[in-house]
Amino acid sequence: MPARHPRPVGIAGLLFGLFLLLIAPALHALELEQVREGFPTADRIETAESQWPVSEVRGGDELLGYAFESVDIAPIPAYSGKPVNLLVGIDLEGKIVQADILGHEEPIMLVGIPESKLEEFADDHVPAHVNDRMKVGDNLDAISGATVTVIVVSDTIMRAARQVAAEQGLIADPSIAPPARVREDVFAPGDWETLTGDGTIRRLHLTHGEVDEAFAGTPAEDYLHSPQPADRTFIELFYTYLNPPSAGRNLLGDTGYDQLMAELDEGEHAIAVMGRGDYSFKGSGYVRGGIFDRIELSQGNATVSFHDRDHIRLGGLGIEGAPPFDERDIFIVREDAAFDPGQPWQLELLVRRASGPLDTEFSRFSADYSVPEAYIERPEPPVEEPIWVQVWRDKAFQIGVLVAGLLVLTGIMLFQDVLARHPRILRPLRLGFLVYTLVFIGWYSLAQLSVVNILTFTNSLISGFSWSSFLIDPMMFILWSFVAVTLLLWGRGVFCGWLCPFGALQDLVNKAARRLGVKQIEVPFGLHERLWAIKYIILLGLFAVSLHSLGTAERYAEVEPFKTAITLRFQREWAFLLYALGLVAISAFNHKFYCRYVCPLGAGLAIPARLRLFDWLKRHRGDCGTPCQICANECEVAAIHPDGRINANECHYCLDCQITYHDDQRCPPVIKRRKRYEKAARLVAGQEGVETHDPGSAGQHKLQRIPTHQEE
């Protein structure tokens, strides 16, 4: 079989390569155009040295700044559980010059809120500095109905910009721990032996033999050098950090230490160096040039040289047991050295030797030092708070009012039997709570729960659950947590009847309509029972769509008027406005028409509510529904079947039936029992009257005990 000729493949590859070269400038120009909003004079983009995909933006030979996508650096989950991606640009001063939305999957922004509002919100970060605190509601205007999204967008811009600016050296790295602080309250008296033993005072000892060995093999090895005995001391250095009281006070005495500390400015440090032997650590260079060229201090990558202005002569030592020294001096480490007493440092001794008439060689000897841990306090490294922590702190007032309201509602639910016996208290209390729900929870806090929350939660369980995306809105999180508990204890009715702002709006409108004598339109129970299924069908349809696309499901979830009536406070396009107002108008003639037949959120809550643990609503066995229909006829949401059963899936827990249950003027079983009691009381009263006229019968008549309610 003849071999294939590779030539056609090579030509194809060459043509493909030429094609890539032709389109490459266009692709590059497109990327360049993206950043020209923030860098108008930019003419090219180059890859920056970074752990992330960061680009240098240049104009000619000048570096103008950096551009990057936020999703590569700070992928913070938003309301949808996925991050919002932005193109961010910063200049060399650390100022944000560009913030453009590249993509997001926020369902709350897909319908009802124009995309331009989110773009404008991102642009409001220009020209903030990366270290500025940008706060929604303070120096940033919130977008009504998209609070969670805009908070995430702001945090994404600032956090990504800070990290890039720190990496490129435009600002100090915020993740680096602040320098340790000297504990001024720690002091332990000690002598020379104690301080040298615990590491407060350190020692460097060099012999002539060790120094000669350092110069071995260099031109200075034998040049004009008179050898000394190898074991003879070349220099013996003792050195310490004086700022801690246990070092400074013991070495200098109280007066000397106080005077030294008074001379030091904030952020300055003092080092004591004491030496003896054949070599001077000071030399004479500082006399001629004002700099000490034989000692240096180094810490990390920084080196500190001492000048004559940094030098203080150290007189007598105030510590017992100190040996005699030829030289004793104090050197000041100035603030600009950024010295950290919590990090190890080295005292460098430089030894020079002539290697020719004009040439010298030098060797460096390092002496390590670490401040004893007892003398310092290490601040915790700064940890950037999760965004939800900041939001919870900022909304402390709203959280407090919401929690107080939920505690009141919990009390109402727990003591419903007592309150139902006192309708003059319960009915005004319920009316006031409905106003609280509509005004505070709904229009003020924008905490209207939605079927979108259920779909988002379900989607997050499938694609990857993240607590942060749910904790970011404290009002919604607290409400959902409360609703989850009440579903198990009382069913869906606690939310639908007490905590739903749109439900409260319908309820209040219907109450006002009834007061005005508006005739109510009631659906026959047979049809009414079948119409219940509509909301479940809507829920299943939305759930199916959400499995394919959460954004599409959000669009169809506009069957809920919540966003128009509550979140956006009726400030919306006329079609949405007419739909919401129409449902509110219908509620004046048919109590909670939307809640009963259309609401997918109510359907979504009714399903888990079937797991409720208790049946709190009381019925008269053998009387309710057969033949009495008072509660069934008066139930405004028609949740009571003709046979007297309460359908917990449809009940809104208004407690009207419980008021009737205890009413001895309207409930037939209670009326019957009351009349029996009254008859028994009259009998007792009549017998007491007979006994008054016939003393002889005293002690012969026994009264019948009245049966209790439980016994009946």
# chains A, B, ... in the order shown; residues from 1 in each chain; ligands from 1

call {"tool": "residues_around", "arguments": {"residues": "stretch 270-272 of chain A", "least_positions_apart": "6", "cutoff": "10 Å", "atoms": "only C-alpha atoms", "output": "MDAnalysis selection string"}}
result
chainID A and resid 201 238:244 247:248 251:252 260:261 264 297 310:314 328:334 347

call {"tool": "residues_around", "arguments": {"residues": "A:Arg378", "least_positions_apart": "3", "cutoff": "9 Å", "atoms": "only C-alpha atoms", "output": "PDB file with N, CA, C and O atoms, in the first residue's frame"}}
result
ATOM      1  N   ALA A 177      -0.922  39.967  57.985  1.00  0.00           N
ATOM      2  CA  ALA A 177      -1.227  40.301  59.379  1.00  0.00           C
ATOM      3  C   ALA A 177      -0.535  41.592  59.776  1.00  0.00           C
ATOM      4  O   ALA A 177       0.608  41.849  59.363  1.00  0.00           O
ATOM      5  N   PRO A 178      -1.165  42.449  60.555  1.00  0.00           N
ATOM      6  CA  PRO A 178      -0.517  43.674  61.030  1.00  0.00           C
ATOM      7  C   PRO A 178       0.653  43.328  61.941  1.00  0.00           C
ATOM      8  O   PRO A 178       0.719  42.225  62.486  1.00  0.00           O
ATOM      9  N   PRO A 179       1.603  44.248  62.101  1.00  0.00           N
ATOM     10  CA  PRO A 179       2.772  43.950  62.937  1.00  0.00           C
ATOM     11  C   PRO A 179       2.382  43.677  64.383  1.00  0.00           C
ATOM     12  O   PRO A 179       1.369  44.172  64.884  1.00  0.00           O
ATOM     13  N   ALA A 180       3.212  42.872  65.025  1.00  0.00           N
ATOM     14  CA  ALA A 180       2.980  42.570  66.438  1.00  0.00           C
ATOM     15  C   ALA A 180       3.182  43.813  67.284  1.00  0.00           C
ATOM     16  O   ALA A 180       3.905  44.739  66.906  1.00  0.00           O
ATOM     17  N   ARG A 181       2.555  43.820  68.445  1.00  0.00           N
ATOM     18  CA  ARG A 181       2.680  44.954  69.364  1.00  0.00           C
ATOM     19  C   ARG A 181       3.412  44.504  70.627  1.00  0.00           C
ATOM     20  O   ARG A 181       3.212  43.376  71.115  1.00  0.00           O
ATOM     21  N   VAL A 182       4.237  45.398  71.149  1.00  0.00           N
ATOM     22  CA  VAL A 182       4.955  45.116  72.392  1.00  0.00           C
ATOM     23  C   VAL A 182       3.977  45.211  73.554  1.00  0.00           C
ATOM     24  O   VAL A 182       3.205  46.180  73.657  1.00  0.00           O
ATOM     25  N   GLY A 342       7.346  41.099  65.733  1.00  0.00           N
ATOM     26  CA  GLY A 342       6.869  39.727  65.778  1.00  0.00           C
ATOM     27  C   GLY A 342       7.551  38.810  64.783  1.00  0.00           C
ATOM     28  O   GLY A 342       7.333  37.598  64.810  1.00  0.00           O
ATOM     29  N   GLU A 373       8.158  35.439  72.854  1.00  0.00           N
ATOM     30  CA  GLU A 373       6.713  35.546  72.655  1.00  0.00           C
ATOM     31  C   GLU A 373       6.012  36.205  73.839  1.00  0.00           C
ATOM     32  O   GLU A 373       4.970  36.841  73.672  1.00  0.00           O
ATOM     33  N   PRO A 381      -4.583  37.950  61.935  1.00  0.00           N
ATOM     34  CA  PRO A 381      -4.562  38.465  60.558  1.00  0.00           C
ATOM     35  C   PRO A 381      -5.964  38.848  60.122  1.00  0.00           C
ATOM     36  O   PRO A 381      -6.938  38.184  60.473  1.00  0.00           O
TER      37      PRO A 381
END

call {"tool": "residues_around", "arguments": {"residues": "A:Lys511", "least_positions_apart": "5", "cutoff": "9 Å", "atoms": "only C-alpha atoms", "output": "PyMOL selection string"}}
result
chain A and resi 506+516+588+591

call {"tool": "write_last_selection", "arguments": {"atoms": "N, CA and C atoms", "output": "PDB file, in the first residue's frame"}}
result
ATOM      1  N   GLN A 506     -54.702  41.695  49.981  1.00  0.00           N
ATOM      2  CA  GLN A 506     -56.016  41.207  49.562  1.00  0.00           C
ATOM      3  C   GLN A 506     -56.985  41.141  50.746  1.00  0.00           C
ATOM      4  N   LEU A 516     -67.938  48.307  53.480  1.00  0.00           N
ATOM      5  CA  LEU A 516     -68.674  49.215  52.594  1.00  0.00           C
ATOM      6  C   LEU A 516     -69.900  48.556  51.972  1.00  0.00           C
ATOM      7  N   ALA A 588     -61.761  42.192  46.358  1.00  0.00           N
ATOM      8  CA  ALA A 588     -62.826  42.940  47.030  1.00  0.00           C
ATOM      9  C   ALA A 588     -64.157  42.205  46.926  1.00  0.00           C
ATOM     10  N   HIS A 591     -62.955  36.770  48.401  1.00  0.00           N
ATOM     11  CA  HIS A 591     -61.854  36.865  49.354  1.00  0.00           C
ATOM     12  C   HIS A 591     -60.653  36.025  48.908  1.00  0.00           C
TER      13      HIS A 591
END

call {"tool": "residues_around", "arguments": {"residues": "A:Tyr594", "least_positions_apart": "5", "cutoff": "8 Å", "atoms": "only C-alpha atoms", "output": "JSON list (two decimals) with N, CA and C atoms, in the first residue's frame"}}
result
[["chain", "number", "residue", "atom", "x", "y", "z"],
["A", 583, "LEU", "N", -56.11, 41.67, 40.20],
["A", 583, "LEU", "CA", -56.22, 40.66, 41.25],
["A", 583, "LEU", "C", -56.61, 41.28, 42.58],
["A", 587, "SER", "N", -60.22, 40.67, 44.71],
["A", 587, "SER", "CA", -60.27, 40.27, 46.12],
["A", 587, "SER", "C", -61.31, 41.06, 46.90],
["A", 599, "CYS", "N", -52.10, 30.86, 43.22],
["A", 599, "CYS", "CA", -50.78, 31.06, 43.83],
["A", 599, "CYS", "C", -49.92, 29.78, 43.84]]

call {"tool": "residues_around", "arguments": {"residues": "A:Leu63", "least_positions_apart": "3", "cutoff": "12 Å", "atoms": "only C-alpha atoms", "output": "list in words"}}
result
Phe39, Thr41, Ala42, Asp43, Arg44, Ile45, Glu46, Thr47, Ala48, Ser55, Glu56, Val57, Arg58, Gly59, Gly60, Tyr66, Ala67, Ile90, Asp91, Leu92 and Glu93 of chain A

call {"tool": "write_last_selection", "arguments": {"atoms": "all heavy atoms", "output": "compact mmCIF listing (two decimals), in the first residue's frame"}}
result
# COMPACT_ATOMS: atom_id res chain seq x y z
N PHE A 39 -9.96 53.09 29.78
CA PHE A 39 -8.62 53.54 29.38
C PHE A 39 -8.70 54.07 27.95
O PHE A 39 -8.37 53.35 26.99
CB PHE A 39 -7.63 52.36 29.45
CG PHE A 39 -7.55 51.70 30.81
CD1 PHE A 39 -8.32 50.58 31.10
CD2 PHE A 39 -6.71 52.20 31.80
CE1 PHE A 39 -8.25 49.96 32.33
CE2 PHE A 39 -6.63 51.58 33.04
CZ PHE A 39 -7.41 50.47 33.30
N THR A 41 -6.93 56.01 26.16
CA THR A 41 -5.69 56.14 25.38
C THR A 41 -4.98 54.81 25.19
O THR A 41 -3.85 54.77 24.69
CB THR A 41 -4.73 57.13 26.08
OG1 THR A 41 -4.41 56.63 27.40
CG2 THR A 41 -5.36 58.49 26.20
N ALA A 42 -5.60 53.70 25.58
CA ALA A 42 -4.96 52.39 25.47
C ALA A 42 -4.80 52.00 24.00
O ALA A 42 -5.69 52.26 23.18
CB ALA A 42 -5.77 51.34 26.21
N ASP A 43 -3.64 51.40 23.68
CA ASP A 43 -3.43 50.91 22.32
C ASP A 43 -3.05 49.43 22.28
O ASP A 43 -2.95 48.85 21.20
CB ASP A 43 -2.37 51.74 21.59
CG ASP A 43 -1.03 51.75 22.31
OD1 ASP A 43 -0.80 50.86 23.15
OD2 ASP A 43 -0.22 52.66 22.05
N ARG A 44 -2.85 48.82 23.45
CA ARG A 44 -2.58 47.38 23.44
C ARG A 44 -2.80 46.80 24.84
O ARG A 44 -2.82 47.53 25.83
CB ARG A 44 -1.18 47.07 22.93
CG ARG A 44 -0.05 47.43 23.86
CD ARG A 44 1.29 47.09 23.19
NE ARG A 44 2.41 47.20 24.09
CZ ARG A 44 3.01 48.34 24.41
NH1 ARG A 44 2.58 49.47 23.88
NH2 ARG A 44 4.04 48.34 25.24
N ILE A 45 -2.95 45.49 24.84
CA ILE A 45 -3.15 44.75 26.09
C ILE A 45 -2.10 43.64 26.14
O ILE A 45 -1.88 42.94 25.15
CB ILE A 45 -4.56 44.14 26.16
CG1 ILE A 45 -5.61 45.25 26.20
CG2 ILE A 45 -4.71 43.24 27.37
CD1 ILE A 45 -7.03 44.73 26.15
N GLU A 46 -1.48 43.49 27.30
CA GLU A 46 -0.48 42.45 27.48
C GLU A 46 -0.81 41.66 28.74
O GLU A 46 -1.44 42.18 29.66
CB GLU A 46 0.93 43.05 27.60
CG GLU A 46 1.38 43.79 26.35
CD GLU A 46 2.77 44.38 26.52
OE1 GLU A 46 3.34 44.25 27.63
OE2 GLU A 46 3.28 44.99 25.55
N THR A 47 -0.36 40.43 28.77
CA THR A 47 -0.60 39.58 29.93
C THR A 47 0.27 40.02 31.10
O THR A 47 1.48 40.20 30.95
CB THR A 47 -0.29 38.11 29.59
OG1 THR A 47 -1.12 37.70 28.50
CG2 THR A 47 -0.55 37.21 30.80
N ALA A 48 -0.35 40.22 32.25
CA ALA A 48 0.38 40.66 33.44
C ALA A 48 0.90 39.44 34.20
O ALA A 48 0.38 38.33 34.08
CB ALA A 48 -0.52 41.49 34.35
N SER A 55 -4.77 41.43 32.79
CA SER A 55 -4.12 42.06 31.63
C SER A 55 -3.58 43.43 32.00
O SER A 55 -4.23 44.20 32.72
CB SER A 55 -5.10 42.19 30.46
OG SER A 55 -5.56 40.92 30.03
N GLU A 56 -2.37 43.72 31.50
CA GLU A 56 -1.83 45.08 31.58
C GLU A 56 -2.40 45.89 30.43
O GLU A 56 -2.41 45.44 29.28
CB GLU A 56 -0.32 45.06 31.49
CG GLU A 56 0.38 44.42 32.67
CD GLU A 56 1.90 44.48 32.52
OE1 GLU A 56 2.38 44.83 31.41
OE2 GLU A 56 2.60 44.18 33.50
N VAL A 57 -2.89 47.07 30.72
CA VAL A 57 -3.40 47.97 29.70
C VAL A 57 -2.35 49.05 29.48
O VAL A 57 -1.96 49.76 30.42
CB VAL A 57 -4.75 48.59 30.11
CG1 VAL A 57 -5.29 49.47 29.00
CG2 VAL A 57 -5.75 47.50 30.47
N ARG A 58 -1.88 49.18 28.25
CA ARG A 58 -0.79 50.10 27.96
C ARG A 58 -1.18 51.08 26.87
O ARG A 58 -1.97 50.77 25.97
CB ARG A 58 0.47 49.33 27.53
CG ARG A 58 1.08 48.49 28.65
CD ARG A 58 2.37 47.82 28.23
NE ARG A 58 3.02 47.15 29.36
CZ ARG A 58 3.85 47.75 30.20
NH1 ARG A 58 4.17 49.04 30.03
NH2 ARG A 58 4.39 47.07 31.20
N GLY A 59 -0.59 52.26 26.97
CA GLY A 59 -0.69 53.27 25.94
C GLY A 59 0.71 53.66 25.53
O GLY A 59 1.41 54.34 26.29
N GLY A 60 1.17 53.18 24.38
CA GLY A 60 2.58 53.35 24.03
C GLY A 60 3.44 52.51 24.95
O GLY A 60 3.19 51.33 25.15
N TYR A 66 -4.71 47.98 34.95
CA TYR A 66 -4.96 46.56 34.81
C TYR A 66 -6.45 46.32 34.57
O TYR A 66 -7.29 47.05 35.11
CB TYR A 66 -4.51 45.81 36.07
CG TYR A 66 -3.04 45.99 36.37
CD1 TYR A 66 -2.61 47.02 37.20
CD2 TYR A 66 -2.09 45.13 35.83
CE1 TYR A 66 -1.26 47.19 37.47
CE2 TYR A 66 -0.73 45.29 36.11
CZ TYR A 66 -0.32 46.32 36.92
OH TYR A 66 1.01 46.50 37.19
N ALA A 67 -6.74 45.31 33.77
CA ALA A 67 -8.13 44.92 33.50
C ALA A 67 -8.27 43.41 33.71
O ALA A 67 -7.34 42.65 33.44
CB ALA A 67 -8.53 45.30 32.08
N ILE A 90 -8.64 48.98 36.80
CA ILE A 90 -8.09 49.86 37.84
C ILE A 90 -6.85 50.54 37.29
O ILE A 90 -6.09 49.95 36.51
CB ILE A 90 -7.74 49.08 39.13
CG1 ILE A 90 -6.75 47.95 38.86
CG2 ILE A 90 -9.00 48.53 39.77
CD1 ILE A 90 -6.25 47.25 40.11
N ASP A 91 -6.64 51.80 37.69
CA ASP A 91 -5.44 52.51 37.25
C ASP A 91 -4.32 52.30 38.25
O ASP A 91 -4.46 51.57 39.23
CB ASP A 91 -5.74 53.99 37.01
CG ASP A 91 -6.16 54.73 38.28
OD1 ASP A 91 -5.93 54.19 39.39
OD2 ASP A 91 -6.70 55.84 38.17
N LEU A 92 -3.20 52.97 38.02
CA LEU A 92 -2.02 52.76 38.86
C LEU A 92 -2.13 53.42 40.22
O LEU A 92 -1.30 53.20 41.10
CB LEU A 92 -0.77 53.28 38.13
CG LEU A 92 -0.47 52.60 36.79
CD1 LEU A 92 0.82 53.14 36.19
CD2 LEU A 92 -0.38 51.08 36.95
N GLU A 93 -3.15 54.25 40.42
CA GLU A 93 -3.40 54.85 41.73
C GLU A 93 -4.35 54.00 42.57
O GLU A 93 -4.68 54.37 43.69
CB GLU A 93 -3.96 56.26 41.57
CG GLU A 93 -2.99 57.23 40.93
CD GLU A 93 -3.59 58.62 40.80
OE1 GLU A 93 -4.78 58.79 41.18
OE2 GLU A 93 -2.89 59.53 40.34

call {"tool": "closest_residue", "arguments": {"among": "A:Lys563, A:Lys95, A:Arg430, A:Lys675", "to": "A:Leu508", "atoms": "only C-alpha atoms"}}
result
A:Arg430

call {"tool": "atom_distance", "arguments": {"atom1": "atom CA of A:Asp258", "atom2": "atom CA of A:Pro344"}}
result
25.4 Å

call {"tool": "residues_around", "arguments": {"residues": "A:Phe292", "least_positions_apart": "4", "cutoff": "12 Å", "atoms": "only C-alpha atoms", "output": "list in words"}}
result
Ser280, Phe281, Lys282, Gly283, Ser284, Gly285, Tyr286, Val287, Arg288, Glu296, Leu297, Val304, Ser305, Phe306, His307, Asp308, Arg309, Asp310, His311, Asp329, Phe331, Glu348, Leu349 and Leu350 of chain A

call {"tool": "closest_atom_pairs", "arguments": {"of": "stretch 304-419 of chain A", "to": "stretch 655-663 of chain A", "cutoff": "9 Å", "atoms": "only C-alpha atoms", "output": "tab-separated table"}}
result
residue	atom	partner	partner_atom	distance
A:Gln416	CA	A:Leu655	CA	7.8
A:Asp417	CA	A:Gln658	CA	7.5
A:Leu419	CA	A:Ile659	CA	8.3

call {"tool": "write_last_selection", "arguments": {"atoms": "all heavy atoms", "output": "PDB file, in the first residue's frame"}}
result
ATOM      1  N   GLN A 416     -53.670  30.333  70.880  1.00  0.00           N
ATOM      2  CA  GLN A 416     -54.834  30.625  70.043  1.00  0.00           C
ATOM      3  C   GLN A 416     -56.139  30.282  70.747  1.00  0.00           C
ATOM      4  O   GLN A 416     -57.149  30.972  70.546  1.00  0.00           O
ATOM      5  CB  GLN A 416     -54.733  29.876  68.716  1.00  0.00           C
ATOM      6  CG  GLN A 416     -54.565  28.374  68.861  1.00  0.00           C
ATOM      7  CD  GLN A 416     -54.375  27.691  67.513  1.00  0.00           C
ATOM      8  OE1 GLN A 416     -55.347  27.268  66.891  1.00  0.00           O
ATOM      9  NE2 GLN A 416     -53.136  27.586  67.072  1.00  0.00           N
ATOM     10  N   ASP A 417     -56.150  29.225  71.571  1.00  0.00           N
ATOM     11  CA  ASP A 417     -57.383  28.860  72.263  1.00  0.00           C
ATOM     12  C   ASP A 417     -57.826  29.950  73.229  1.00  0.00           C
ATOM     13  O   ASP A 417     -59.026  30.269  73.339  1.00  0.00           O
ATOM     14  CB  ASP A 417     -57.188  27.552  73.025  1.00  0.00           C
ATOM     15  CG  ASP A 417     -57.122  26.349  72.090  1.00  0.00           C
ATOM     16  OD1 ASP A 417     -57.612  26.477  70.955  1.00  0.00           O
ATOM     17  OD2 ASP A 417     -56.567  25.315  72.487  1.00  0.00           O
ATOM     18  N   LEU A 419     -56.971  33.200  73.049  1.00  0.00           N
ATOM     19  CA  LEU A 419     -57.348  34.393  72.295  1.00  0.00           C
ATOM     20  C   LEU A 419     -58.687  34.207  71.584  1.00  0.00           C
ATOM     21  O   LEU A 419     -59.460  35.172  71.443  1.00  0.00           O
ATOM     22  CB  LEU A 419     -56.255  34.722  71.276  1.00  0.00           C
ATOM     23  CG  LEU A 419     -54.930  35.213  71.869  1.00  0.00           C
ATOM     24  CD1 LEU A 419     -53.853  35.289  70.794  1.00  0.00           C
ATOM     25  CD2 LEU A 419     -55.115  36.575  72.522  1.00  0.00           C
TER      26      LEU A 419
END

call {"tool": "residues_around", "arguments": {"residues": "A:Leu434", "least_positions_apart": "5", "cutoff": "12 Å", "atoms": "only C-alpha atoms", "output": "list in words"}}
result
Gly405, Leu409, Arg427, Pro428, Leu429, Val439, Phe440, Ile441, Gly442, Val494, Phe495, Cys496, Gly497, Trp498, Leu499, Cys500, Pro501, Phe502, Gly503, Ala504, Leu505, Gln506, Asp507, Leu508, Val509, Lys511 and Cys654 of chain A

call {"tool": "select_by_dssp", "arguments": {"residues": "stretch 177-261 of chain A", "states": "strand (DSSP E)", "output": "list in words"}}
result
Arg181, Val182, Ile201, Arg202, Arg203, Leu204, His205, Leu206, Thr207, Thr233, Phe234, Ile235, Glu236, Leu237, Phe238, Tyr239, Thr240 and Tyr241 of chain A

call {"tool": "select_by_dssp", "arguments": {"residues": "stretch 240-455 of chain A", "states": "helix (DSSP H, G or I)", "output": "number ranges by chain"}}
result
A: 245-263, 285-289, 308-310, 335-337, 373-375, 387-394, 396-414, 416-420, 423-444, 451-455
